[in-house]
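All remarks here apply to the structure that follows.
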Amino acid sequence: MLGLSVFVLVWLRVLSNMTGHSPRIEPDPPSWQKLSGKLMHVALYALMIFMPLAGWLMLSAQGKPIPFFGLQLPALISESKEVAKLIKEIHVTAGTVGTFLLVTCRCCAVSSFRLTG
């Protein structure tokens with residue numbers, strides 16, 4: 001249920017980003033920092049969308065129910081223990097990559113703040 005909540009919230013955040021505008025960063029960072037920041041955000045958003053879907057697929061493949069605030073969501077794929085195992089490995093690996101990206105993002109933000117601010 002937590003993953004699906006994140007899935008809904010991230011789409012609301014994407015919509016908010018598309019309709020609003022971000023404040024300007026002062027002083028203006030170098031272009032390589034802007035590009036790396038945008039790539040990092042794209043990767044993090046992709047993970048926030050992918051991880052709940054992978055969890056839903058994993059539960060579907062395991063034949064388990066998919067509850068979401070009192071609703072029973074349908075299975076996305078048929079039951080298969082082999083597929084469930086594969087999706088679980090991918091889900092765990094993506095979680096590890098996500099943790100690395102989050103730590104890297106925070107370290108870059110802190111170092112940028114310390115160097116420029």
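Ordered as shown in the structure tokens, chains take letters A, B, and onward, while each chain numbers its residues from 1 and ligands are numbered from 1 in the order shown.
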Filtered DSSP result for chain A, state strand (DSSP E or B), as a ChimeraX atom specification:
/A:66-68,71-73
Selection to disk with N, CA and C atoms, as a PDB file, in the first residue's frame:
```pdb
ATOM      1  N   ILE A  66      -3.657  -7.413  -3.724  1.00  0.00           N
ATOM      2  CA  ILE A  66      -3.043  -6.087  -3.814  1.00  0.00           C
ATOM      3  C   ILE A  66      -4.034  -5.080  -3.225  1.00  0.00           C
ATOM      4  N   PRO A  67      -3.948  -4.848  -1.902  1.00  0.00           N
ATOM      5  CA  PRO A  67      -4.877  -3.917  -1.276  1.00  0.00           C
ATOM      6  C   PRO A  67      -4.405  -2.473  -1.440  1.00  0.00           C
ATOM      7  N   PHE A  68      -5.372  -1.577  -1.588  1.00  0.00           N
ATOM      8  CA  PHE A  68      -5.052  -0.147  -1.666  1.00  0.00           C
ATOM      9  C   PHE A  68      -6.206   0.628  -1.069  1.00  0.00           C
ATOM     10  N   LEU A  71      -9.567  -0.944  -1.336  1.00  0.00           N
ATOM     11  CA  LEU A  71      -9.839  -1.477  -2.675  1.00  0.00           C
ATOM     12  C   LEU A  71      -8.982  -2.711  -2.902  1.00  0.00           C
ATOM     13  N   GLN A  72      -9.453  -3.602  -3.722  1.00  0.00           N
ATOM     14  CA  GLN A  72      -8.683  -4.779  -4.114  1.00  0.00           C
ATOM     15  C   GLN A  72      -8.280  -4.577  -5.570  1.00  0.00           C
ATOM     16  N   LEU A  73      -7.008  -4.260  -5.818  1.00  0.00           N
ATOM     17  CA  LEU A  73      -6.556  -3.999  -7.178  1.00  0.00           C
ATOM     18  C   LEU A  73      -6.361  -5.311  -7.930  1.00  0.00           C
TER      19      LEU A  73
END
```
Select from chain A everything DSSP, run on the backbone, classes as alpha helix (DSSP H), then give the selection as a PyMOL selection string.
chain A and resi 2-19+31-62+81-116
Neighbours of Thr99 in chain A within 12 Å (only C-alpha atoms; same-chain residues fewer than 6 positions away dropped), as JSON, numbers by chain?
{"A": [43, 44, 47, 48, 92, 93, 105, 106]}
For the residues in that selection, give me C-alpha atoms as a short mmCIF file (atom, residue, chain, number, x, y, z; two decimals), in the first residue's frame.
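Result file is result_7.cif:
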```cif
data_model
loop_
_atom_site.label_atom_id
_atom_site.label_comp_id
_atom_site.auth_asym_id
_atom_site.auth_seq_id
_atom_site.Cartn_x
_atom_site.Cartn_y
_atom_site.Cartn_z
CA ALA A 43 16.44 8.92 -12.48
CA LEU A 44 14.83 9.42 -9.06
CA LEU A 47 12.56 4.88 -9.72
CA MET A 48 9.61 6.32 -7.80
CA VAL A 92 15.74 -5.19 -4.60
CA THR A 93 18.46 -4.10 -7.06
CA CYS A 105 22.01 13.54 -4.57
CA ARG A 106 22.11 14.68 -0.94
#
```
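For Ser60 in chain A, the list of residues within 9 Å, based on only C-alpha atoms and with local chain neighbours fewer than 3 positions off taken out, reads A:Gly55, A:Trp56, A:Leu57, A:Gly63, A:Lys64, A:Pro65, A:Ile66, A:Pro74, A:Ala75, A:Leu76, A:Ile77, A:Ser78, A:Glu79, A:Ser80, A:Ala84.
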Go ahead and dump the residues you just picked, N, CA, C and O atoms, as a short mmCIF file (atom, residue, chain, number, x, y, z; two decimals), in the first residue's frame.
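Final output, part.cif:
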```
data_model
loop_
_atom_site.label_atom_id
_atom_site.label_comp_id
_atom_site.auth_asym_id
_atom_site.auth_seq_id
_atom_site.Cartn_x
_atom_site.Cartn_y
_atom_site.Cartn_z
N GLY A 55 6.58 -3.70 -7.44
CA GLY A 55 5.97 -4.34 -6.27
C GLY A 55 4.60 -4.92 -6.61
O GLY A 55 4.26 -6.03 -6.18
N TRP A 56 3.81 -4.19 -7.38
CA TRP A 56 2.49 -4.67 -7.81
C TRP A 56 2.65 -5.92 -8.68
O TRP A 56 1.93 -6.91 -8.51
N LEU A 57 3.61 -5.88 -9.61
CA LEU A 57 3.86 -7.05 -10.45
C LEU A 57 4.31 -8.24 -9.61
O LEU A 57 3.90 -9.38 -9.86
N GLY A 63 0.65 -14.31 -6.54
CA GLY A 63 -0.74 -14.68 -6.31
C GLY A 63 -1.32 -14.05 -5.06
O GLY A 63 -2.34 -14.52 -4.54
N LYS A 64 -0.70 -13.01 -4.56
CA LYS A 64 -1.16 -12.34 -3.34
C LYS A 64 -2.12 -11.20 -3.70
O LYS A 64 -2.06 -10.64 -4.80
N PRO A 65 -2.98 -10.84 -2.74
CA PRO A 65 -3.88 -9.70 -3.00
C PRO A 65 -3.11 -8.39 -3.02
O PRO A 65 -2.05 -8.28 -2.40
N ILE A 66 -3.66 -7.41 -3.72
CA ILE A 66 -3.04 -6.09 -3.81
C ILE A 66 -4.03 -5.08 -3.22
O ILE A 66 -4.86 -4.53 -3.94
N PRO A 74 -6.56 -5.29 -9.23
CA PRO A 74 -6.42 -6.52 -10.01
C PRO A 74 -4.95 -6.89 -10.20
O PRO A 74 -4.06 -6.04 -10.16
N ALA A 75 -4.73 -8.17 -10.40
CA ALA A 75 -3.38 -8.65 -10.71
C ALA A 75 -3.02 -8.19 -12.11
O ALA A 75 -3.85 -8.18 -13.02
N LEU A 76 -1.76 -7.77 -12.27
CA LEU A 76 -1.30 -7.31 -13.58
C LEU A 76 -0.82 -8.46 -14.46
O LEU A 76 -0.85 -8.36 -15.69
N ILE A 77 -0.35 -9.52 -13.81
CA ILE A 77 0.13 -10.71 -14.55
C ILE A 77 -0.37 -11.95 -13.83
O ILE A 77 -0.81 -11.89 -12.69
N SER A 78 -0.29 -13.08 -14.51
CA SER A 78 -0.74 -14.33 -13.89
C SER A 78 0.31 -14.84 -12.90
O SER A 78 1.47 -14.43 -12.93
N GLU A 79 -0.12 -15.71 -12.04
CA GLU A 79 0.75 -16.24 -10.98
C GLU A 79 1.88 -17.08 -11.57
O GLU A 79 1.67 -17.93 -12.43
N SER A 80 3.10 -16.80 -11.12
CA SER A 80 4.28 -17.54 -11.56
C SER A 80 5.40 -17.30 -10.55
O SER A 80 5.87 -16.17 -10.39
N ALA A 84 7.95 -14.13 -10.21
CA ALA A 84 7.94 -13.39 -8.94
C ALA A 84 9.35 -13.26 -8.38
O ALA A 84 9.75 -12.20 -7.89
#
```
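Those residues that approach Lys81 in chain A to within 9 Å, counting only C-alpha atoms, are Ala61, Gln62, Gly63 and Leu86 of chain A; same-chain residues fewer than 5 positions away are not listed.
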File of the preceding selection, all heavy atoms, as a PDB file, in the first residue's frame:
```
ATOM      1  N   ALA A  61       2.442 -11.776  -9.344  1.00  0.00           N
ATOM      2  CA  ALA A  61       3.097 -13.036  -9.710  1.00  0.00           C
ATOM      3  C   ALA A  61       3.108 -14.027  -8.551  1.00  0.00           C
ATOM      4  O   ALA A  61       3.132 -15.236  -8.762  1.00  0.00           O
ATOM      5  CB  ALA A  61       4.517 -12.763 -10.192  1.00  0.00           C
ATOM      6  N   GLN A  62       3.091 -13.517  -7.328  1.00  0.00           N
ATOM      7  CA  GLN A  62       3.052 -14.400  -6.154  1.00  0.00           C
ATOM      8  C   GLN A  62       1.636 -14.875  -5.844  1.00  0.00           C
ATOM      9  O   GLN A  62       1.431 -15.706  -4.982  1.00  0.00           O
ATOM     10  CB  GLN A  62       3.623 -13.676  -4.928  1.00  0.00           C
ATOM     11  CG  GLN A  62       5.100 -13.425  -5.008  1.00  0.00           C
ATOM     12  CD  GLN A  62       5.605 -12.524  -3.882  1.00  0.00           C
ATOM     13  OE1 GLN A  62       4.827 -11.855  -3.203  1.00  0.00           O
ATOM     14  NE2 GLN A  62       6.914 -12.507  -3.701  1.00  0.00           N
ATOM     15  N   GLY A  63       0.652 -14.311  -6.538  1.00  0.00           N
ATOM     16  CA  GLY A  63      -0.735 -14.682  -6.307  1.00  0.00           C
ATOM     17  C   GLY A  63      -1.322 -14.054  -5.055  1.00  0.00           C
ATOM     18  O   GLY A  63      -2.337 -14.519  -4.542  1.00  0.00           O
ATOM     19  N   LEU A  86      12.193 -13.328 -10.084  1.00  0.00           N
ATOM     20  CA  LEU A  86      12.941 -12.411 -10.943  1.00  0.00           C
ATOM     21  C   LEU A  86      12.568 -10.956 -10.647  1.00  0.00           C
ATOM     22  O   LEU A  86      13.446 -10.099 -10.503  1.00  0.00           O
ATOM     23  CB  LEU A  86      12.686 -12.732 -12.419  1.00  0.00           C
ATOM     24  CG  LEU A  86      13.301 -11.766 -13.428  1.00  0.00           C
ATOM     25  CD1 LEU A  86      14.817 -11.808 -13.355  1.00  0.00           C
ATOM     26  CD2 LEU A  86      12.810 -12.078 -14.829  1.00  0.00           C
TER      27      LEU A  86
END
```
Would you mind telling me which residue in A:Phe100, A:Tyr45, A:Phe50, A:Phe113 lies nearest to Gly3 in chain A when using only C-alpha atoms?
A:Phe50
Using only C-alpha atoms, which residues sit within 12 Å of Thr96 in chain A once same-chain residues fewer than 6 positions away are excluded, as JSON, numbers by chain?
{"A": [47, 51, 89, 90, 102, 103]}
Selection to disk with all heavy atoms, as a PDB file, in the first residue's frame:
```pdb
ATOM      1  N   LEU A  47      12.598   5.907 -10.765  1.00  0.00           N
ATOM      2  CA  LEU A  47      12.563   4.884  -9.720  1.00  0.00           C
ATOM      3  C   LEU A  47      11.290   4.970  -8.888  1.00  0.00           C
ATOM      4  O   LEU A  47      10.716   3.936  -8.526  1.00  0.00           O
ATOM      5  CB  LEU A  47      13.780   5.019  -8.806  1.00  0.00           C
ATOM      6  CG  LEU A  47      15.027   4.290  -9.273  1.00  0.00           C
ATOM      7  CD1 LEU A  47      16.224   4.675  -8.419  1.00  0.00           C
ATOM      8  CD2 LEU A  47      14.824   2.792  -9.244  1.00  0.00           C
ATOM      9  N   MET A  51       9.351   1.464  -8.987  1.00  0.00           N
ATOM     10  CA  MET A  51       9.348   0.600  -7.799  1.00  0.00           C
ATOM     11  C   MET A  51       7.938   0.149  -7.390  1.00  0.00           C
ATOM     12  O   MET A  51       7.731  -1.046  -7.154  1.00  0.00           O
ATOM     13  CB  MET A  51      10.062   1.294  -6.635  1.00  0.00           C
ATOM     14  CG  MET A  51      11.555   1.445  -6.839  1.00  0.00           C
ATOM     15  SD  MET A  51      12.435  -0.112  -6.814  1.00  0.00           S
ATOM     16  CE  MET A  51      12.376  -0.460  -5.078  1.00  0.00           C
ATOM     17  N   GLU A  89      14.116  -9.788  -7.400  1.00  0.00           N
ATOM     18  CA  GLU A  89      15.544  -9.463  -7.554  1.00  0.00           C
ATOM     19  C   GLU A  89      15.707  -8.080  -8.196  1.00  0.00           C
ATOM     20  O   GLU A  89      16.541  -7.280  -7.762  1.00  0.00           O
ATOM     21  CB  GLU A  89      16.246 -10.523  -8.386  1.00  0.00           C
ATOM     22  CG  GLU A  89      16.423 -11.853  -7.671  1.00  0.00           C
ATOM     23  CD  GLU A  89      17.049 -12.920  -8.561  1.00  0.00           C
ATOM     24  OE1 GLU A  89      17.703 -12.561  -9.567  1.00  0.00           O
ATOM     25  OE2 GLU A  89      16.869 -14.110  -8.257  1.00  0.00           O
ATOM     26  N   ILE A  90      14.920  -7.816  -9.222  1.00  0.00           N
ATOM     27  CA  ILE A  90      14.981  -6.511  -9.892  1.00  0.00           C
ATOM     28  C   ILE A  90      14.549  -5.404  -8.931  1.00  0.00           C
ATOM     29  O   ILE A  90      15.176  -4.346  -8.865  1.00  0.00           O
ATOM     30  CB  ILE A  90      14.098  -6.525 -11.167  1.00  0.00           C
ATOM     31  CG1 ILE A  90      14.695  -7.470 -12.203  1.00  0.00           C
ATOM     32  CG2 ILE A  90      13.954  -5.120 -11.739  1.00  0.00           C
ATOM     33  CD1 ILE A  90      13.780  -7.753 -13.379  1.00  0.00           C
ATOM     34  N   LEU A 102      19.980   8.508  -3.987  1.00  0.00           N
ATOM     35  CA  LEU A 102      19.556   9.452  -2.957  1.00  0.00           C
ATOM     36  C   LEU A 102      20.736   9.983  -2.153  1.00  0.00           C
ATOM     37  O   LEU A 102      20.840  11.187  -1.900  1.00  0.00           O
ATOM     38  CB  LEU A 102      18.550   8.797  -2.013  1.00  0.00           C
ATOM     39  CG  LEU A 102      17.136   8.706  -2.521  1.00  0.00           C
ATOM     40  CD1 LEU A 102      16.291   7.840  -1.594  1.00  0.00           C
ATOM     41  CD2 LEU A 102      16.520  10.072  -2.656  1.00  0.00           C
ATOM     42  N   VAL A 103      21.629   9.083  -1.757  1.00  0.00           N
ATOM     43  CA  VAL A 103      22.807   9.507  -0.991  1.00  0.00           C
ATOM     44  C   VAL A 103      23.682  10.420  -1.837  1.00  0.00           C
ATOM     45  O   VAL A 103      24.156  11.464  -1.369  1.00  0.00           O
ATOM     46  CB  VAL A 103      23.594   8.282  -0.475  1.00  0.00           C
ATOM     47  CG1 VAL A 103      24.938   8.684   0.097  1.00  0.00           C
ATOM     48  CG2 VAL A 103      22.778   7.537   0.575  1.00  0.00           C
TER      49      VAL A 103
END
```
Two-atom distance - CA of Val42 in chain A, CA of Val83 in chain A (Å)
27.3 Å
Find the residues near Trp11 in chain A: any atom within 9 Å, counting only C-alpha atoms, skip ones fewer than 5 places away on the same chain, and give them as an mmCIF file with C-alpha atoms, in the first residue's frame.
```
data_model
loop_
_atom_site.group_PDB
_atom_site.id
_atom_site.type_symbol
_atom_site.label_atom_id
_atom_site.label_comp_id
_atom_site.auth_asym_id
_atom_site.auth_seq_id
_atom_site.Cartn_x
_atom_site.Cartn_y
_atom_site.Cartn_z
ATOM 1 C CA VAL A 6 4.067 6.878 -3.498
ATOM 2 C CA SER A 16 2.799 20.108 -10.206
ATOM 3 C CA ILE A 49 7.365 5.259 -10.677
#
```
I'd like to know which of A:His21, A:Pro30, A:Gly98, A:Leu53 is closest to Ser5 in chain A, using only C-alpha atoms.
A:Leu53
